[in-house]
Amino acid sequence: MVTPTGAVPEVGRDAGSVHAHLLNLDRPFYLVRDAHGFAAAGSAEHAPGTQVLAAVPPLPPSALGDKRFLTAHGVRQPYMAGSMANGIASAKMVIALAEQGFLASYGAAGVVAQRVDEDLAHIRARLRGIPFACNLIHSPNEPAMERSTVDLCLKHEVRTIEASAFLDLTPQIVRYRLAGLTREASGKVVAHNKVIAKVSRTEVAEKFLRPAPEAMVRELLASGAITADQAEWSRQIPVADDVTAEADSGGHTDRRPLVVLLPEIIAVRDRVQRELGYGQQVRVGAAGGIGTPDAAAAAFALGAAYVVTGSINQATVEAAQSWETKRLLAGAGATDCDMAPSADMFEMGVEVQVLKRGTMFATKAKRLYDVYRAHDGIESIPAAERTGLEERIFQRPLDEVWQDCVRFFQERDPEQISRAHDNSKRRMALIFRWYLGLSSGWSISGTEGRVADYQVWCGPAMGAFNNWVEGTYLAAVENRHAAELATHVMRGAAFTSRVNQLRLAGARLPARACSYVPAPLDSGAWRNQE
């Protein structure tokens with residue numbers, strides 16, 4: 001565990017000393033009263049006549065949540081850095097976090113297969129067996145991408161997939177899960193391919209909490225994707241090992257309150273567990289709004305097995321995001337977010353949460369969706385309105401945009417062009433998705449002249465984080481390293497949990513002693529975080 005800078009006095013009476021004792025997480029904390037008044041102590045050895053008013057045991061960050069998460073994923077902390085699409089959760093970020101004992105998910109969504117192939121190979125070569133995850137995003141309009149990602153995860157023996165934005169189970173997520181099934185000599189079925197499902201609805205959570213659907217299993221068996229034994233064993237395990245309750249997050253989100261969603265999904269998990277009696281209970285974690293120690297501590301207090309961060313990692317040194325965008329994120333407040341149509345599920349009206357401050361993307365994207373709903377095809381758009389779109393949003397003729405779409409999908413998914421050939425409405429959707437898709441790329445590359453079009457996935461956790469670190473060394477984007485942020489969030493969560501335990505016991509502590517303020521970590525801080 002990370003110890004505070006300097007020695008901790010055996011007995012502390014001022015706010016600074018009380019804070020130091022609370023931050024000494026691998027030691028118990030005693031609030032006592034002696035002949036000199038109230039004091040904090042880290043030992044049970046007290047002077048005669050000393051009265052112990054309250055006490056809490058050691059609480060290193062690794063003791064938070066569910067220790068089975070640590071064992072299952074081979075990590076040192078119940079903390080996960082969730083995937084950010086288009087490779088923003090980069091190979092560099094995954095490696096940096098994994099080397100410090102945190103689970104990190106590579107942002108494969110929206111990334112071409114060749115680059116996913118290269119990045120997964122690079123991560124595996126660098127980590128040499130250290131666990132990590134890869135994102136699999138539900139792609140109802142581009143099933144080839146979903147299939148390709150699973151193919152590459154199986155090829156590179158990626159042992160954990162973070163399944164996100166799923167509305168229902170698909171053959172690809174089930175194929176990945178079942179292809180890793182074996183049975184031990186004892187008869188126990190072992191799932192070597194782990195699934196962490198990030199969901200925001202209980203009905204979707206339940207699909208991952210139950211065994212794979214029989215009809216889907218039969219289809220996979222008939223196609224040769226799984227063996228007869230694996231088809232049989234599938235009845236004994238759930239589709240997911242972990243289910244993340246995704247509340248008000250950046251990107252795809254239903255903006256649900258975590259205090260409502262997390263208990264709901266835990267209750268569904270418990271009901272399914274009572275019904276099916278799995279040998280290992282599915283763990284439930286928390287995501288969405290997790291950007292500060294207080295938020296993480298609250299999630300653990302609600303029963304989260306682990307916490308997942310997202311938005312805050314986008315403004316770190318290791319994120320594959322432009323410095324222009326990182327600085328926009330560093331200036332965001334908790335209310336500087338808005339909802340906008342998503343590129344991958346545009347036709348379905350699905351929205352993503354994005355940064356509002358410093359960009360006009362949300363307003364422009366909503367305009368495109370309104371036009372899409374109002375007209376039967378690209379040719380039906382009135383001339384004046386079409387000119388406005390070309391000048392103020394696309395900054396080029398729509399006919400040229402369509403030619404770009406043709407070239408893009410011929411390499412990536414030719415079926416998209418075939419489906420749009422005699423369907424003007426479909427062509428309009430692909431043209432509008434051109435803007436939605438490229439807008440995140442402009443943000444990643446820092447394209448000049450396109451700042452107003454930057455699509456930056458962001459939730460209120462970003463603003464909360466900025467408020468927390470204001471006035472500290474982490475206020476500067478250049479100092480934000482993903483593993484260091486993770487360390488501070490988890491240390492602070494343990495610290496805050498101890499403070500809350502003492503308050504519940506009726507203890508009164510100096511206000512200045514009860515806040516965790518991030519200070520630079522020494523070189524050994526990341527090497528022993530237990």
# chains A, B, ... in the order shown; residues from 1 in each chain; ligands from 1

call {"tool": "residues_around", "arguments": {"residues": "Val282 (chain A)", "least_positions_apart": "3", "cutoff": "8 Å", "atoms": "only C-alpha atoms", "output": "mmCIF file with N, CA and C atoms, in the first residue's frame"}}
result
data_model
loop_
_atom_site.group_PDB
_atom_site.id
_atom_site.type_symbol
_atom_site.label_atom_id
_atom_site.label_comp_id
_atom_site.auth_asym_id
_atom_site.auth_seq_id
_atom_site.Cartn_x
_atom_site.Cartn_y
_atom_site.Cartn_z
ATOM 1 N N LEU A 209 -26.830 -13.140 -17.271
ATOM 2 C CA LEU A 209 -26.775 -13.886 -16.002
ATOM 3 C C LEU A 209 -27.210 -15.339 -16.168
ATOM 4 N N PRO A 238 -23.273 -19.218 -16.634
ATOM 5 C CA PRO A 238 -23.876 -18.020 -17.226
ATOM 6 C C PRO A 238 -23.028 -17.508 -18.380
ATOM 7 N N ALA A 240 -21.969 -14.470 -18.655
ATOM 8 C CA ALA A 240 -20.982 -13.520 -18.114
ATOM 9 C C ALA A 240 -20.467 -13.954 -16.757
ATOM 10 N N ASP A 241 -19.219 -13.611 -16.484
ATOM 11 C CA ASP A 241 -18.641 -13.782 -15.150
ATOM 12 C C ASP A 241 -18.949 -12.571 -14.277
ATOM 13 N N ASP A 242 -19.010 -11.404 -14.926
ATOM 14 C CA ASP A 242 -19.246 -10.138 -14.239
ATOM 15 C C ASP A 242 -20.247 -9.320 -15.043
ATOM 16 N N VAL A 243 -21.097 -8.602 -14.336
ATOM 17 C CA VAL A 243 -22.033 -7.675 -14.973
ATOM 18 C C VAL A 243 -21.790 -6.297 -14.371
ATOM 19 N N ARG A 269 -29.424 -10.478 -10.053
ATOM 20 C CA ARG A 269 -28.372 -11.492 -9.920
ATOM 21 C C ARG A 269 -28.700 -12.484 -8.812
#

call {"tool": "residues_around", "arguments": {"residues": "region 35-47 of chain A", "least_positions_apart": "3", "cutoff": "9 Å", "atoms": "only C-alpha atoms", "output": "list in words"}}
result
Val8, Pro9, Glu10, Val11, Gly12, Arg13, Asp14, Ser17, Val18, His19, His21, Leu22, Asn24, Arg27, Pro28, Phe29, Tyr30, Leu31, Val32, Thr50, Gln51 and Val52 of chain A

call {"tool": "write_last_selection", "arguments": {"atoms": "C-alpha atoms", "output": "CSV table (one decimal), in the first residue's frame"}}
result
chain,number,residue,atom,x,y,z
A,8,VAL,CA,3.0,9.2,11.3
A,9,PRO,CA,3.1,10.2,14.9
A,10,GLU,CA,1.9,7.5,17.3
A,11,VAL,CA,-0.7,9.8,18.7
A,12,GLY,CA,-2.1,12.7,16.7
A,13,ARG,CA,-4.2,15.6,18.0
A,14,ASP,CA,-4.2,18.2,15.2
A,17,SER,CA,-2.0,14.1,12.3
A,18,VAL,CA,-5.6,12.7,12.3
A,19,HIS,CA,-5.5,12.7,8.5
A,21,HIS,CA,-3.5,8.2,10.6
A,22,LEU,CA,-6.6,7.8,8.5
A,24,ASN,CA,-2.2,4.9,6.9
A,27,ARG,CA,-2.9,0.1,10.1
A,28,PRO,CA,-6.0,0.2,12.3
A,29,PHE,CA,-7.3,3.6,13.3
A,30,TYR,CA,-8.3,4.5,16.9
A,31,LEU,CA,-10.1,7.6,18.0
A,32,VAL,CA,-9.3,7.9,21.7
A,50,THR,CA,-7.4,6.1,27.8
A,51,GLN,CA,-10.9,5.6,26.4
A,52,VAL,CA,-11.4,4.2,22.9

call {"tool": "residues_around", "arguments": {"residues": "Lys364 (chain A)", "least_positions_apart": "4", "cutoff": "8 Å", "atoms": "only C-alpha atoms", "output": "list in words"}}
result
Met360, Leu368, Ile393 and Asp453 of chain A

call {"tool": "write_last_selection", "arguments": {"atoms": "N, CA and C atoms", "output": "mmCIF file, in the first residue's frame"}}
result
data_model
loop_
_atom_site.group_PDB
_atom_site.id
_atom_site.type_symbol
_atom_site.label_atom_id
_atom_site.label_comp_id
_atom_site.auth_asym_id
_atom_site.auth_seq_id
_atom_site.Cartn_x
_atom_site.Cartn_y
_atom_site.Cartn_z
ATOM 1 N N MET A 360 -19.730 22.032 -30.940
ATOM 2 C CA MET A 360 -21.132 22.112 -31.357
ATOM 3 C C MET A 360 -21.632 20.771 -31.890
ATOM 4 N N LEU A 368 -28.997 16.480 -37.877
ATOM 5 C CA LEU A 368 -28.978 15.420 -38.885
ATOM 6 C C LEU A 368 -30.067 14.378 -38.616
ATOM 7 N N ILE A 393 -22.306 21.778 -41.867
ATOM 8 C CA ILE A 393 -21.981 20.537 -41.157
ATOM 9 C C ILE A 393 -20.928 19.725 -41.913
ATOM 10 N N ASP A 453 -16.788 20.478 -34.433
ATOM 11 C CA ASP A 453 -17.375 19.191 -34.822
ATOM 12 C C ASP A 453 -16.826 18.020 -34.006
#

call {"tool": "atom_distance", "arguments": {"atom1": "CA of Ala55 (chain A)", "atom2": "CA of Ala15 (chain A)"}}
result
17.1 Å

call {"tool": "closest_atom_pairs", "arguments": {"of": "region 317-389 of chain A", "to": "region 410-429 of chain A", "cutoff": "12 Å", "atoms": "only C-alpha atoms", "output": "Markdown table"}}
result
| residue | atom | partner | partner_atom | distance |
| --- | --- | --- | --- | --- |
| A:Pro341 | CA | A:Ala429 | CA | 11.6 |
| A:Ser342 | CA | A:Ala429 | CA | 11.5 |
| A:Ala343 | CA | A:Ala429 | CA | 9.4 |
| A:Asp344 | CA | A:Ala429 | CA | 10.5 |
| A:Met345 | CA | A:Ala429 | CA | 10.1 |
| A:Phe346 | CA | A:Ala429 | CA | 7.4 |
| A:Glu347 | CA | A:Ala429 | CA | 6.8 |
| A:Met348 | CA | A:Ala429 | CA | 10.6 |
| A:Gly349 | CA | A:Ala429 | CA | 11.3 |
| A:Leu368 | CA | A:Ala429 | CA | 9.3 |
| A:Tyr369 | CA | A:Ala429 | CA | 8.9 |
| A:Asp370 | CA | A:Ala429 | CA | 11.6 |
| A:Val371 | CA | A:Met428 | CA | 9.5 |
| A:Tyr372 | CA | A:Ala429 | CA | 7.1 |
| A:Arg373 | CA | A:Lys425 | CA | 9.5 |
| A:Ala374 | CA | A:Lys425 | CA | 10.6 |
| A:His375 | CA | A:Lys425 | CA | 7.9 |
| A:Asp376 | CA | A:Lys425 | CA | 5.5 |
| A:Gly377 | CA | A:Lys425 | CA | 4.1 |
| A:Ile378 | CA | A:Met428 | CA | 5.0 |
| A:Glu379 | CA | A:Ser424 | CA | 7.4 |
| A:Ser380 | CA | A:Ser424 | CA | 8.9 |
| A:Ile381 | CA | A:Met428 | CA | 9.7 |
| A:Arg386 | CA | A:Met428 | CA | 11.5 |

call {"tool": "write_last_selection", "arguments": {"atoms": "N, CA and C atoms", "output": "CSV table (one decimal), in the first residue's frame"}}
result
chain,number,residue,atom,x,y,z
A,341,PRO,N,-27.1,11.8,-31.3
A,341,PRO,CA,-27.3,10.5,-32.0
A,341,PRO,C,-25.9,9.7,-32.1
A,342,SER,N,-26.0,8.4,-32.0
A,342,SER,CA,-24.8,7.6,-32.1
A,342,SER,C,-24.6,7.2,-33.6
A,343,ALA,N,-23.3,7.0,-33.9
A,343,ALA,CA,-23.0,6.6,-35.3
A,343,ALA,C,-23.4,5.2,-35.6
A,344,ASP,N,-23.1,4.3,-34.6
A,344,ASP,CA,-23.3,2.9,-34.9
A,344,ASP,C,-24.8,2.5,-34.8
A,345,MET,N,-25.6,3.2,-34.1
A,345,MET,CA,-27.1,2.8,-34.0
A,345,MET,C,-27.9,4.0,-34.4
A,346,PHE,N,-27.5,4.8,-35.4
A,346,PHE,CA,-28.1,6.1,-35.8
A,346,PHE,C,-29.6,5.8,-36.2
A,347,GLU,N,-29.9,4.8,-37.0
A,347,GLU,CA,-31.2,4.6,-37.5
A,347,GLU,C,-32.2,4.2,-36.4
A,348,MET,N,-31.7,3.6,-35.3
A,348,MET,CA,-32.5,3.2,-34.2
A,348,MET,C,-32.8,4.3,-33.2
A,349,GLY,N,-32.2,5.5,-33.4
A,349,GLY,CA,-32.4,6.6,-32.5
A,349,GLY,C,-31.6,6.5,-31.2
A,368,LEU,N,-29.0,16.5,-37.9
A,368,LEU,CA,-29.0,15.4,-38.9
A,368,LEU,C,-30.1,14.4,-38.6
A,369,TYR,N,-30.3,14.0,-37.4
A,369,TYR,CA,-31.3,13.0,-37.1
A,369,TYR,C,-32.7,13.6,-37.3
A,370,ASP,N,-32.9,14.9,-37.1
A,370,ASP,CA,-34.2,15.5,-37.4
A,370,ASP,C,-34.5,15.4,-38.9
A,371,VAL,N,-33.4,15.7,-39.7
A,371,VAL,CA,-33.6,15.6,-41.1
A,371,VAL,C,-33.8,14.2,-41.6
A,372,TYR,N,-33.1,13.3,-41.0
A,372,TYR,CA,-33.3,11.8,-41.4
A,372,TYR,C,-34.8,11.4,-41.1
A,373,ARG,N,-35.3,11.8,-40.0
A,373,ARG,CA,-36.7,11.4,-39.7
A,373,ARG,C,-37.7,12.1,-40.6
A,374,ALA,N,-37.4,13.3,-41.0
A,374,ALA,CA,-38.4,14.1,-41.8
A,374,ALA,C,-38.4,13.7,-43.2
A,375,HIS,N,-37.4,13.1,-43.8
A,375,HIS,CA,-37.4,12.8,-45.2
A,375,HIS,C,-37.2,11.4,-45.6
A,376,ASP,N,-37.7,11.0,-46.8
A,376,ASP,CA,-37.6,9.6,-47.2
A,376,ASP,C,-36.3,9.2,-47.8
A,377,GLY,N,-35.5,10.1,-48.1
A,377,GLY,CA,-34.2,9.8,-48.7
A,377,GLY,C,-33.4,11.1,-49.0
A,378,ILE,N,-32.1,10.9,-49.4
A,378,ILE,CA,-31.3,12.0,-49.6
A,378,ILE,C,-31.8,13.0,-50.7
A,379,GLU,N,-32.5,12.4,-51.7
A,379,GLU,CA,-33.0,13.2,-52.8
A,379,GLU,C,-34.2,14.0,-52.4
A,380,SER,N,-34.8,13.6,-51.3
A,380,SER,CA,-36.1,14.3,-50.8
A,380,SER,C,-35.8,15.6,-50.0
A,381,ILE,N,-34.5,15.8,-49.6
A,381,ILE,CA,-34.2,17.0,-48.8
A,381,ILE,C,-34.3,18.2,-49.7
A,386,ARG,N,-30.5,21.2,-47.9
A,386,ARG,CA,-29.3,20.4,-48.3
A,386,ARG,C,-28.1,21.3,-48.4

call {"tool": "residues_around", "arguments": {"residues": "Leu436 (chain A)", "least_positions_apart": "3", "cutoff": "7 Å", "atoms": "only C-alpha atoms", "output": "list of chain:residue names"}}
result
A:Ala343, A:Ala365, A:Phe432, A:Arg433, A:Ser439

call {"tool": "closest_residue", "arguments": {"among": "A:Gln403, A:Asp34, A:Asp168, A:Asp294", "to": "Phe495 (chain A)", "atoms": "only C-alpha atoms"}}
result
A:Asp294

call {"tool": "atom_distance", "arguments": {"atom1": "CA of Ala247 (chain A)", "atom2": "CA of Gly65 (chain A)"}}
result
17.9 Å

call {"tool": "residues_around", "arguments": {"residues": "Ala494 (chain A)", "least_positions_apart": "2", "cutoff": "8 Å", "atoms": "only C-alpha atoms", "output": "number ranges by chain"}}
result
A: 25, 59-61, 64, 293, 297, 490-492, 496-498

call {"tool": "residues_around", "arguments": {"residues": "Arg450 (chain A)", "least_positions_apart": "2", "cutoff": "12 Å", "atoms": "only C-alpha atoms", "output": "list in words"}}
result
Glu324, Thr325, Gly358, Thr359, Met360, Phe361, Arg392, Ile393, Phe394, Gln395, Tyr435, Leu438, Ser439, Ser440, Gly441, Trp442, Ser443, Ile444, Ser445, Gly446, Thr447, Glu448, Ala452, Asp453, Tyr454 and Gln455 of chain A

call {"tool": "atom_distance", "arguments": {"atom1": "CA of Asp117 (chain A)", "atom2": "CA of Asn135 (chain A)"}}
result
13.1 Å

call {"tool": "select_by_dssp", "arguments": {"residues": "region 320-365 of chain A", "states": "alpha helix (DSSP H)", "output": "PyMOL selection string"}}
result
chain A and resi 323-330+361-365

call {"tool": "write_last_selection", "arguments": {"atoms": "C-alpha atoms", "output": "compact mmCIF listing (two decimals), in the first residue's frame"}}
result
# COMPACT_ATOMS: atom_id res chain seq x y z
CA TRP A 323 -4.09 17.28 -26.62
CA GLU A 324 -6.66 19.81 -27.85
CA THR A 325 -9.43 17.45 -26.76
CA LYS A 326 -7.71 16.53 -23.50
CA ARG A 327 -7.59 20.21 -22.58
CA LEU A 328 -11.28 20.59 -23.45
CA LEU A 329 -12.02 17.68 -21.12
CA ALA A 330 -9.86 19.18 -18.36
CA PHE A 361 -21.23 18.42 -32.23
CA ALA A 362 -24.36 17.55 -30.24
CA THR A 363 -26.39 20.32 -31.85
CA LYS A 364 -25.26 19.41 -35.37
CA ALA A 365 -25.79 15.67 -34.85

call {"tool": "residues_around", "arguments": {"residues": "Phe465 (chain A)", "least_positions_apart": "3", "cutoff": "10 Å", "atoms": "only C-alpha atoms", "output": "PDB file with N, CA and C atoms, in the first residue's frame"}}
result
ATOM      1  N   GLY A 289     -20.267   7.699 -13.833  1.00  0.00           N
ATOM      2  CA  GLY A 289     -20.182   8.664 -12.739  1.00  0.00           C
ATOM      3  C   GLY A 289     -19.041   8.402 -11.776  1.00  0.00           C
ATOM      4  N   ILE A 290     -18.225   7.380 -12.054  1.00  0.00           N
ATOM      5  CA  ILE A 290     -17.108   7.051 -11.163  1.00  0.00           C
ATOM      6  C   ILE A 290     -15.886   7.845 -11.620  1.00  0.00           C
ATOM      7  N   GLY A 291     -15.605   8.929 -10.930  1.00  0.00           N
ATOM      8  CA  GLY A 291     -14.458   9.755 -11.288  1.00  0.00           C
ATOM      9  C   GLY A 291     -13.736  10.316 -10.092  1.00  0.00           C
ATOM     10  N   THR A 292     -14.247  10.040  -8.904  1.00  0.00           N
ATOM     11  CA  THR A 292     -13.652  10.548  -7.677  1.00  0.00           C
ATOM     12  C   THR A 292     -13.650   9.447  -6.621  1.00  0.00           C
ATOM     13  N   PRO A 293     -12.834   9.599  -5.572  1.00  0.00           N
ATOM     14  CA  PRO A 293     -12.870   8.627  -4.474  1.00  0.00           C
ATOM     15  C   PRO A 293     -14.238   8.525  -3.816  1.00  0.00           C
ATOM     16  N   ALA A 295     -17.175   8.907  -5.172  1.00  0.00           N
ATOM     17  CA  ALA A 295     -18.075   8.128  -6.020  1.00  0.00           C
ATOM     18  C   ALA A 295     -17.735   6.645  -5.944  1.00  0.00           C
ATOM     19  N   SER A 311     -14.627   8.114 -18.534  1.00  0.00           N
ATOM     20  CA  SER A 311     -14.401   9.481 -18.993  1.00  0.00           C
ATOM     21  C   SER A 311     -13.074  10.049 -18.512  1.00  0.00           C
ATOM     22  N   ILE A 312     -12.724   9.816 -17.256  1.00  0.00           N
ATOM     23  CA  ILE A 312     -11.513  10.438 -16.706  1.00  0.00           C
ATOM     24  C   ILE A 312     -10.252   9.939 -17.395  1.00  0.00           C
ATOM     25  N   ALA A 330     -10.361  18.689 -19.644  1.00  0.00           N
ATOM     26  CA  ALA A 330      -9.860  19.177 -18.365  1.00  0.00           C
ATOM     27  C   ALA A 330     -10.577  20.442 -17.915  1.00  0.00           C
ATOM     28  N   ALA A 332     -13.908  20.832 -18.377  1.00  0.00           N
ATOM     29  CA  ALA A 332     -15.338  20.515 -18.309  1.00  0.00           C
ATOM     30  C   ALA A 332     -15.843  20.502 -16.874  1.00  0.00           C
ATOM     31  N   GLY A 333     -17.095  20.912 -16.710  1.00  0.00           N
ATOM     32  CA  GLY A 333     -17.790  20.783 -15.446  1.00  0.00           C
ATOM     33  C   GLY A 333     -18.760  19.619 -15.498  1.00  0.00           C
ATOM     34  N   ALA A 334     -19.371  19.316 -14.375  1.00  0.00           N
ATOM     35  CA  ALA A 334     -20.256  18.151 -14.302  1.00  0.00           C
ATOM     36  C   ALA A 334     -21.506  18.301 -15.161  1.00  0.00           C
ATOM     37  N   PRO A 460     -20.644  12.984 -16.680  1.00  0.00           N
ATOM     38  CA  PRO A 460     -20.420  13.955 -15.607  1.00  0.00           C
ATOM     39  C   PRO A 460     -19.255  13.611 -14.691  1.00  0.00           C
ATOM     40  N   ALA A 461     -18.789  12.366 -14.731  1.00  0.00           N
ATOM     41  CA  ALA A 461     -17.624  11.992 -13.916  1.00  0.00           C
ATOM     42  C   ALA A 461     -16.422  12.865 -14.240  1.00  0.00           C
ATOM     43  N   MET A 462     -16.327  13.314 -15.507  1.00  0.00           N
ATOM     44  CA  MET A 462     -15.184  14.137 -15.905  1.00  0.00           C
ATOM     45  C   MET A 462     -15.181  15.452 -15.134  1.00  0.00           C
ATOM     46  N   TRP A 468     -12.525  17.855  -8.188  1.00  0.00           N
ATOM     47  CA  TRP A 468     -11.768  17.222  -7.102  1.00  0.00           C
ATOM     48  C   TRP A 468     -10.291  17.589  -7.163  1.00  0.00           C
ATOM     49  N   VAL A 469      -9.704  17.603  -8.345  1.00  0.00           N
ATOM     50  CA  VAL A 469      -8.253  17.813  -8.460  1.00  0.00           C
ATOM     51  C   VAL A 469      -7.881  19.283  -8.637  1.00  0.00           C
ATOM     52  N   GLU A 470      -8.873  20.172  -8.639  1.00  0.00           N
ATOM     53  CA  GLU A 470      -8.565  21.594  -8.802  1.00  0.00           C
ATOM     54  C   GLU A 470      -7.584  22.050  -7.718  1.00  0.00           C
ATOM     55  N   LEU A 474      -2.708  17.341 -10.325  1.00  0.00           N
ATOM     56  CA  LEU A 474      -3.474  16.661 -11.374  1.00  0.00           C
ATOM     57  C   LEU A 474      -4.375  17.606 -12.161  1.00  0.00           C
ATOM     58  N   ALA A 475      -4.408  18.877 -11.789  1.00  0.00           N
ATOM     59  CA  ALA A 475      -5.163  19.837 -12.584  1.00  0.00           C
ATOM     60  C   ALA A 475      -4.553  19.984 -13.971  1.00  0.00           C
ATOM     61  N   LEU A 485      -4.008   7.926 -11.780  1.00  0.00           N
ATOM     62  CA  LEU A 485      -5.394   8.265 -11.461  1.00  0.00           C
ATOM     63  C   LEU A 485      -6.083   7.095 -10.767  1.00  0.00           C
ATOM     64  N   VAL A 489      -7.785   7.190  -7.056  1.00  0.00           N
ATOM     65  CA  VAL A 489      -9.204   6.911  -6.868  1.00  0.00           C
ATOM     66  C   VAL A 489      -9.391   5.788  -5.854  1.00  0.00           C
TER      67      VAL A 489
END

call {"tool": "closest_residue", "arguments": {"among": "A:Lys198, A:His192, A:Arg128, A:Arg175", "to": "Ser105 (chain A)", "atoms": "only C-alpha atoms"}}
result
A:Lys198
